[in-house]
Amino acid sequence: MQAIDRTQRQLIEQLAPITESELIPLETALGRFLAEDVYAEQDVPASDISLFDGYALSAPSACGSSRQVAGVTYAGDAPAVLPEGDFVWRIFTGAPLPDGANAVIAQESVTSSDGRAVILHESMSVGAGVRPKGADSRRGQRVLCAGTRLDAAELGLLASIGCAQILVVRKPRVAIFTTGNELVAPGEPLEPGKIYNSNHIILVSALTRLGVEIVDLGVLPDEASAIRTALLAAAKHVDLVLTSGGVSVGDADLVRQVVSEIGTIESWRVFLKPGKPLAFGRIGSVPFIGLPGNPVSTFVTFFLFVRPALRALAGGDPQIDRPPLNLPLAQDWVAGDRPEFIRVRRERAASGETRLQPFGDQNSGLLSSIAWADGVALIPADRTLMCGDMVDYFPFEGWYL
Ligand SMILES: Nc1nc2c(c(=O)[nH]1)N[C@H]1C(S)=C(S)[C@@H](COP(=O)(O)OP(=O)(O)OC[C@H]3O[C@@H](n4cnc5c(N)ncnc54)[C@H](O)[C@@H]3O)O[C@H]1N2
Ligand code: MOO
C-alpha cells in the first residue's frame, strides 16, 4: 500500500494535458479552464473615475474654501473640462473626472445653499475619492493565466476588460462504468440479492459539477469478456476511463484483472480508508481509474484522485486545495491502522466553539453518512484522539472547484 499523496502524484504525472482548445462566448465559459494567458487591451477604468456622489475639484484645496459649481457629469457621460479657478464640478459615483480635476469630495462633506456654490468641509489631497485610470487592469497587463478555472469572479474580470469570447481547453471526455451483477437502476423492481445503483448518480453528479463531458456507458456485469470489450471500446473515444467496483480481491472483482490484461495497472491499493483498493493504470494510451465500489469509498476517492486528475487533464493546477481547516473533534476517536477520512459535520458547541461531530457509523457502505456530513476529517493512523484534539477538516463545498 502506498501513501495518499504519493499515489496522487503518480497519477498526475502520467496525465498529459488536453491540447485542443475552443473559442467560446463568455456566457458559456463557467467552470472551463483557460487555454492561454489573457491580457488587457485597455486600461480599466479607462479614465479616472469618481468613487462618490459629490464634487470633483483640483486638489490640494483647503477646508472651508468656497467654490462655484461649473457643470455636472453623470456615469456614462464623456469626461468634461473643469475650468481653472475656484470651481468644482458636480459628479456622481462611477462618472469620469473632468480634465483638470484630481480629487472628489463626497456631497456629505460640503454645504450648498442653492446648488450653485459649495463650501468644503474637508481639506482635499490629490487622488482622494478617485479610482485612477488602470487601477483594476492596465493595458498590456496579464489579467489571468492559462490553466485558470473560470468561475463567477474570473468571468467578471474578463467581462471588465471587454472580452466577449475566450479560448478554453476542450472539456475532458470521461467514460464511466459502474460494475456488478447486483446493480439495478432506481425505479426497477428489486429482486432478492440486488441493490440499487447509487454510484452511477454520484459519478454523474460530481462529473457534471466539474464540467466534464460524460460518456455514460452504463453497468457492466461481473463477466471478464464483457468488461474487456466495453473498456477497449470506451478507451478509443475518451481522455479517461472511470469505473466503480470490482477492484478488490474477490472472485467477481474482475475490473482490475481485465485492465492488467488489456493495458497496465500502475498502482493498486492506497494506505487510506475508505478507498484502499483504488487502482489506476492505462488502457492503451488512455488513463484508467478504478474506484472502489463501496459508495462512500467511491465518493471519497473521486475527490482525492479523480478531481485532481481532471484538473490536470484540463491544464489546471491539480493541487488547488486550500489548506484544510484545523478544527477540534467533538468526541474521542480511536484511529484505525490506515489514515481515515471520517464523515463529520461542523457543529457549534455551547461554548461557541465550532467542533467536528463524527457520524456514528463510519462503514464505507453507508450513504447516509455522506448525506449527513458536510465534510471529512483526516484521522492519522494508529492515534487515539481526545475530544477537543485538532484535526484537518475538508469541507465538501470546496470539492467542486
Ligand atoms: N478479502 C478482502 N475483501 C475486501 C477487501 C480486502 O482488502 N480484502 N477490501 C474491501 C474494501 S476496503 C473495499 S472498499 C471493497 C471494494 O471492493 P470493490 O471495488 O471490488 O467493490 P465491489 O466488491 O464491486 O463492491 C463493494 C460494495 O459496494 C457495492 N457497490 C458496488 N457498486 C455499487 C454501485 N454502483 N452502487 C451501490 N453499491 C455498489 C457492492 O454491492 C458491495 O457491497 O472491497 C472490500 N472487500
Ligand atoms: O477501504 Mo474500503 O474503501 O473502506 O471500504
# chains A, B, ... in the order shown; residues from 1 in each chain; ligands from 1
>>> residues_around(residues="Ala233 in chain A", least_positions_apart="6", cutoff="12 Å", atoms="only C-alpha atoms", output="MDAnalysis selection string")
chainID A and resid 175 215 217 226:227 241 262 283:284 286
>>> residues_near_ligand(ligand="ligand 2", cutoff="6 Å", atoms="only C-alpha atoms and all ligand atoms", output="PyMOL selection string")
chain A and resi 273-276+292+294+297+364
>>> residues_near_ligand(ligand="ligand 1", cutoff="7 Å", atoms="only C-alpha atoms and all ligand atoms", output="count of residues only")
31
>>> closest_residue(among="A:Pro358, A:Leu82, A:Leu15, A:Arg131", to="Ser285 in chain A", atoms="only C-alpha atoms")
A:Leu15
>>> atom_distance(atom1="CA of Phe396 in chain A", atom2="CA of Met1 in chain A")
26.0 Å
>>> select_by_dssp(residues="range 317-393 of chain A", states="helix (DSSP H, G or I)", output="VMD selection string")
chain A and resid 367 to 372
>>> closest_residue(among="A:Gly315, A:Gly64, A:Pro192, A:Gly134", to="Ser21 in chain A", atoms="only C-alpha atoms")
A:Gly315
>>> closest_atom_pairs(of="range 42-71 of chain A", to="range 88-91 of chain A", cutoff="12 Å", atoms="only C-alpha atoms", output="tab-separated table")
residue	atom	partner	partner_atom	distance
A:Ile49	CA	A:Ile91	CA	9.5
A:Ser50	CA	A:Ile91	CA	7.2
A:Leu51	CA	A:Ile91	CA	9.6
A:Phe52	CA	A:Ile91	CA	7.8
A:Asp53	CA	A:Ile91	CA	6.0
A:Gly54	CA	A:Ile91	CA	5.5
A:Tyr55	CA	A:Arg90	CA	4.6
A:Ala56	CA	A:Trp89	CA	5.0
A:Leu57	CA	A:Val88	CA	4.8
A:Ser58	CA	A:Val88	CA	7.7
A:Ala59	CA	A:Val88	CA	10.4
A:Ser61	CA	A:Val88	CA	10.8
A:Ser65	CA	A:Val88	CA	11.1
A:Ser66	CA	A:Val88	CA	9.4
A:Arg67	CA	A:Val88	CA	6.0
A:Gln68	CA	A:Val88	CA	6.0
A:Val69	CA	A:Val88	CA	5.0
A:Ala70	CA	A:Trp89	CA	5.5
A:Gly71	CA	A:Trp89	CA	5.3
>>> write_last_selection(atoms="N, CA and C atoms", output="compact mmCIF listing (two decimals), in the first residue's frame")
# COMPACT_ATOMS: atom_id res chain seq x y z
N ILE A 49 -12.04 57.80 -12.39
CA ILE A 49 -13.48 57.94 -12.15
C ILE A 49 -13.75 58.24 -10.67
N SER A 50 -14.94 58.74 -10.44
CA SER A 50 -15.30 59.18 -9.09
C SER A 50 -15.75 58.00 -8.24
N LEU A 51 -15.30 57.99 -6.97
CA LEU A 51 -15.75 56.97 -6.02
C LEU A 51 -17.01 57.39 -5.29
N PHE A 52 -17.39 58.67 -5.46
CA PHE A 52 -18.51 59.21 -4.65
C PHE A 52 -19.48 60.01 -5.50
N ASP A 53 -20.67 60.15 -4.97
CA ASP A 53 -21.57 61.21 -5.41
C ASP A 53 -21.07 62.47 -4.71
N GLY A 54 -20.62 63.47 -5.45
CA GLY A 54 -20.03 64.64 -4.80
C GLY A 54 -19.59 65.68 -5.80
N TYR A 55 -18.39 66.20 -5.58
CA TYR A 55 -17.88 67.30 -6.41
C TYR A 55 -16.41 67.04 -6.73
N ALA A 56 -16.10 67.07 -8.03
CA ALA A 56 -14.71 66.93 -8.46
C ALA A 56 -14.05 68.30 -8.37
N LEU A 57 -12.77 68.29 -8.01
CA LEU A 57 -12.07 69.57 -7.85
C LEU A 57 -10.59 69.38 -8.09
N SER A 58 -9.89 70.47 -8.11
CA SER A 58 -8.44 70.43 -8.25
C SER A 58 -7.85 70.55 -6.86
N ALA A 59 -7.19 69.47 -6.38
CA ALA A 59 -6.57 69.45 -5.07
C ALA A 59 -5.10 69.87 -5.23
N SER A 61 -6.88 71.38 -1.78
CA SER A 61 -7.78 72.50 -1.51
C SER A 61 -8.14 72.48 -0.04
N SER A 65 -12.89 76.32 2.16
CA SER A 65 -12.89 77.15 0.94
C SER A 65 -14.22 77.04 0.21
N SER A 66 -14.53 78.04 -0.55
CA SER A 66 -15.82 78.14 -1.24
C SER A 66 -15.57 78.04 -2.75
N ARG A 67 -16.45 77.26 -3.46
CA ARG A 67 -16.24 77.04 -4.90
C ARG A 67 -17.57 77.15 -5.65
N GLN A 68 -17.48 77.62 -6.89
CA GLN A 68 -18.65 77.65 -7.78
C GLN A 68 -18.79 76.30 -8.48
N VAL A 69 -20.04 75.85 -8.69
CA VAL A 69 -20.27 74.61 -9.42
C VAL A 69 -20.32 74.95 -10.91
N ALA A 70 -19.37 74.37 -11.70
CA ALA A 70 -19.25 74.78 -13.10
C ALA A 70 -20.01 73.87 -14.06
N GLY A 71 -20.43 72.67 -13.59
CA GLY A 71 -21.13 71.75 -14.52
C GLY A 71 -21.38 70.43 -13.83
>>> closest_residue(among="A:Ala62, A:Leu254, A:Val300, A:Leu30", to="Leu231 in chain A", atoms="only C-alpha atoms")
A:Leu254
>>> select_by_dssp(residues="range 63-303 of chain A", states="strand (DSSP E)", output="PyMOL selection string")
chain A and resi 66-73+87-91+103-106+110-111+117-120+130-131+142-144+165-169+173-179+183-184+195-196+213-220+240-244+264-268+279-283+286-291
>>> write_last_selection(atoms="C-alpha atoms", output="compact mmCIF listing (two decimals), in the first residue's frame")
# COMPACT_ATOMS: atom_id res chain seq x y z
CA SER A 66 -15.82 78.14 -1.24
CA ARG A 67 -16.24 77.04 -4.90
CA GLN A 68 -18.65 77.65 -7.78
CA VAL A 69 -20.27 74.61 -9.42
CA ALA A 70 -19.25 74.78 -13.10
CA GLY A 71 -21.13 71.75 -14.52
CA VAL A 72 -22.23 68.17 -13.99
CA THR A 73 -21.10 64.71 -15.18
CA PHE A 87 -14.60 75.85 -9.38
CA VAL A 88 -15.87 72.38 -8.60
CA TRP A 89 -17.73 70.00 -10.91
CA ARG A 90 -20.86 68.11 -9.78
CA ILE A 91 -20.14 64.43 -10.26
CA ALA A 103 -9.95 64.63 -6.39
CA VAL A 104 -13.60 64.18 -5.42
CA ILE A 105 -15.21 65.37 -2.22
CA ALA A 106 -18.32 63.44 -1.11
CA VAL A 110 -19.88 70.12 1.62
CA THR A 111 -22.67 72.56 2.25
CA ALA A 117 -21.82 77.09 -4.89
CA VAL A 118 -20.39 74.83 -2.17
CA ILE A 119 -18.25 75.21 0.92
CA LEU A 120 -15.76 72.37 1.50
CA VAL A 130 -10.77 58.83 -7.20
CA ARG A 131 -10.31 55.37 -8.76
CA ARG A 142 -1.77 39.79 -17.96
CA VAL A 143 -5.02 39.53 -16.05
CA LEU A 144 -5.42 35.71 -15.98
CA GLN A 165 -15.14 35.25 -26.36
CA ILE A 166 -12.47 33.22 -24.70
CA LEU A 167 -10.16 30.37 -25.66
CA VAL A 168 -10.71 27.44 -23.30
CA VAL A 169 -9.42 23.88 -23.13
CA ARG A 173 -14.31 13.37 -22.00
CA VAL A 174 -14.73 10.76 -19.32
CA ALA A 175 -16.23 7.30 -19.84
CA ILE A 176 -17.98 5.97 -16.75
CA PHE A 177 -18.98 2.43 -15.87
CA THR A 178 -20.43 1.01 -12.72
CA THR A 179 -19.91 -2.70 -12.27
CA LEU A 183 -26.91 -3.48 -9.55
CA VAL A 184 -30.41 -2.39 -10.53
CA ILE A 195 -29.24 -3.38 -4.76
CA TYR A 196 -29.98 -0.05 -6.36
CA GLU A 213 -18.26 15.66 -20.88
CA ILE A 214 -19.61 12.33 -19.66
CA VAL A 215 -19.69 9.26 -21.86
CA ASP A 216 -22.12 7.17 -19.84
CA LEU A 217 -21.58 3.51 -20.59
CA GLY A 218 -23.94 2.05 -18.03
CA VAL A 219 -23.48 -1.04 -15.91
CA LEU A 220 -21.03 -3.85 -16.60
CA LEU A 240 -10.15 8.99 -19.05
CA VAL A 241 -11.92 5.72 -18.28
CA LEU A 242 -13.51 5.68 -14.85
CA THR A 243 -15.11 2.68 -13.16
CA SER A 244 -16.52 1.91 -9.75
CA THR A 264 -1.41 -1.85 -17.38
CA ILE A 265 -2.19 -1.33 -13.71
CA GLU A 266 0.37 1.16 -12.42
CA SER A 267 -0.84 1.42 -8.88
CA TRP A 268 -3.20 -0.55 -6.72
CA ALA A 279 -6.44 1.22 -8.87
CA PHE A 280 -5.11 3.21 -11.76
CA GLY A 281 -3.31 2.48 -14.96
CA ARG A 282 -3.81 2.69 -18.69
CA ILE A 283 -5.80 1.10 -21.45
CA VAL A 286 -5.79 6.30 -22.10
CA PRO A 287 -5.62 6.66 -18.33
CA PHE A 288 -7.86 4.40 -16.28
CA ILE A 289 -9.02 4.95 -12.69
CA GLY A 290 -10.87 2.16 -10.90
CA LEU A 291 -12.66 3.42 -7.81
>>> closest_residue(among="A:Val296, A:Ala349, A:Ala381, A:Leu97", to="Trp333 in chain A", atoms="only C-alpha atoms")
A:Ala381
>>> closest_residue(among="A:Ser125, A:Gly398, A:Pro45, A:Cys63", to="Gly94 in chain A", atoms="only C-alpha atoms")
A:Pro45
>>> closest_residue(among="A:Pro172, A:Pro318, A:Gly352, A:Pro380", to="Asp337 in chain A", atoms="only C-alpha atoms")
A:Pro380
>>> atom_distance(atom1="CA of Ser160 in chain A", atom2="CA of Arg32 in chain A")
18.2 Å
>>> atom_distance(atom1="CA of Ala373 in chain A", atom2="CA of Arg348 in chain A")
14.4 Å
>>> residues_around(residues="Ala78 in chain A", least_positions_apart="5", cutoff="9 Å", atoms="only C-alpha atoms", output="VMD selection string")
chain A and resid 73 95 to 96 98
>>> residues_around(residues="Phe305 in chain A", least_positions_apart="5", cutoff="9 Å", atoms="only C-alpha atoms", output="JSON, numbers by chain")
{"A": [4, 7, 8, 11, 12, 289, 300, 310]}
>>> write_last_selection(atoms="all heavy atoms", output="PDB file, in the first residue's frame")
ATOM      1  N   ILE A   4      -1.248   8.361   0.332  1.00  0.00           N
ATOM      2  CA  ILE A   4      -2.223   9.095  -0.477  1.00  0.00           C
ATOM      3  C   ILE A   4      -1.522  10.090  -1.410  1.00  0.00           C
ATOM      4  O   ILE A   4      -1.768  10.105  -2.622  1.00  0.00           O
ATOM      5  CB  ILE A   4      -3.195   9.872   0.437  1.00  0.00           C
ATOM      6  CG1 ILE A   4      -3.933   8.920   1.373  1.00  0.00           C
ATOM      7  CG2 ILE A   4      -4.186  10.693  -0.379  1.00  0.00           C
ATOM      8  CD1 ILE A   4      -4.640   9.611   2.530  1.00  0.00           C
ATOM      9  N   THR A   7       0.409   8.484  -4.241  1.00  0.00           N
ATOM     10  CA  THR A   7      -0.489   7.950  -5.266  1.00  0.00           C
ATOM     11  C   THR A   7      -1.031   9.092  -6.127  1.00  0.00           C
ATOM     12  O   THR A   7      -1.091   8.983  -7.354  1.00  0.00           O
ATOM     13  CB  THR A   7      -1.655   7.195  -4.596  1.00  0.00           C
ATOM     14  OG1 THR A   7      -1.102   6.245  -3.699  1.00  0.00           O
ATOM     15  CG2 THR A   7      -2.512   6.482  -5.623  1.00  0.00           C
ATOM     16  N   GLN A   8      -1.402  10.194  -5.472  1.00  0.00           N
ATOM     17  CA  GLN A   8      -1.907  11.352  -6.239  1.00  0.00           C
ATOM     18  C   GLN A   8      -0.841  11.844  -7.224  1.00  0.00           C
ATOM     19  O   GLN A   8      -1.131  12.075  -8.395  1.00  0.00           O
ATOM     20  CB  GLN A   8      -2.293  12.496  -5.297  1.00  0.00           C
ATOM     21  CG  GLN A   8      -3.592  12.255  -4.552  1.00  0.00           C
ATOM     22  CD  GLN A   8      -3.826  13.288  -3.463  1.00  0.00           C
ATOM     23  OE1 GLN A   8      -2.892  13.759  -2.807  1.00  0.00           O
ATOM     24  NE2 GLN A   8      -5.070  13.649  -3.242  1.00  0.00           N
ATOM     25  N   LEU A  11      -0.329   9.474 -10.135  1.00  0.00           N
ATOM     26  CA  LEU A  11      -1.458   9.553 -11.057  1.00  0.00           C
ATOM     27  C   LEU A  11      -1.347  10.800 -11.942  1.00  0.00           C
ATOM     28  O   LEU A  11      -1.482  10.729 -13.169  1.00  0.00           O
ATOM     29  CB  LEU A  11      -2.763   9.587 -10.251  1.00  0.00           C
ATOM     30  CG  LEU A  11      -4.059   9.858 -11.000  1.00  0.00           C
ATOM     31  CD1 LEU A  11      -4.336   8.766 -12.016  1.00  0.00           C
ATOM     32  CD2 LEU A  11      -5.227   9.941 -10.019  1.00  0.00           C
ATOM     33  N   ILE A  12      -1.063  11.931 -11.313  1.00  0.00           N
ATOM     34  CA  ILE A  12      -0.979  13.200 -12.064  1.00  0.00           C
ATOM     35  C   ILE A  12       0.141  13.141 -13.102  1.00  0.00           C
ATOM     36  O   ILE A  12      -0.009  13.619 -14.225  1.00  0.00           O
ATOM     37  CB  ILE A  12      -0.708  14.378 -11.084  1.00  0.00           C
ATOM     38  CG1 ILE A  12      -1.827  14.539 -10.070  1.00  0.00           C
ATOM     39  CG2 ILE A  12      -0.485  15.673 -11.839  1.00  0.00           C
ATOM     40  CD1 ILE A  12      -3.167  14.714 -10.637  1.00  0.00           C
ATOM     41  N   ILE A 289      -8.947   4.911 -14.155  1.00  0.00           N
ATOM     42  CA  ILE A 289      -9.023   4.948 -12.689  1.00  0.00           C
ATOM     43  C   ILE A 289     -10.164   4.038 -12.268  1.00  0.00           C
ATOM     44  O   ILE A 289     -11.306   4.211 -12.711  1.00  0.00           O
ATOM     45  CB  ILE A 289      -9.258   6.366 -12.129  1.00  0.00           C
ATOM     46  CG1 ILE A 289      -8.176   7.336 -12.602  1.00  0.00           C
ATOM     47  CG2 ILE A 289      -9.296   6.329 -10.600  1.00  0.00           C
ATOM     48  CD1 ILE A 289      -8.354   8.779 -12.101  1.00  0.00           C
ATOM     49  N   VAL A 300     -15.301   9.388  -1.725  1.00  0.00           N
ATOM     50  CA  VAL A 300     -14.074   9.983  -1.176  1.00  0.00           C
ATOM     51  C   VAL A 300     -12.918   9.878  -2.182  1.00  0.00           C
ATOM     52  O   VAL A 300     -12.190  10.849  -2.416  1.00  0.00           O
ATOM     53  CB  VAL A 300     -13.699   9.320   0.171  1.00  0.00           C
ATOM     54  CG1 VAL A 300     -12.304   9.733   0.629  1.00  0.00           C
ATOM     55  CG2 VAL A 300     -14.737   9.680   1.235  1.00  0.00           C
ATOM     56  N   LEU A 310      -8.720  15.322 -13.266  1.00  0.00           N
ATOM     57  CA  LEU A 310      -9.485  16.106 -14.242  1.00  0.00           C
ATOM     58  C   LEU A 310      -8.879  17.495 -14.411  1.00  0.00           C
ATOM     59  O   LEU A 310      -8.802  18.031 -15.515  1.00  0.00           O
ATOM     60  CB  LEU A 310     -10.946  16.234 -13.798  1.00  0.00           C
ATOM     61  CG  LEU A 310     -11.751  14.940 -13.821  1.00  0.00           C
ATOM     62  CD1 LEU A 310     -13.117  15.161 -13.187  1.00  0.00           C
ATOM     63  CD2 LEU A 310     -11.896  14.434 -15.248  1.00  0.00           C
TER      64      LEU A 310
END
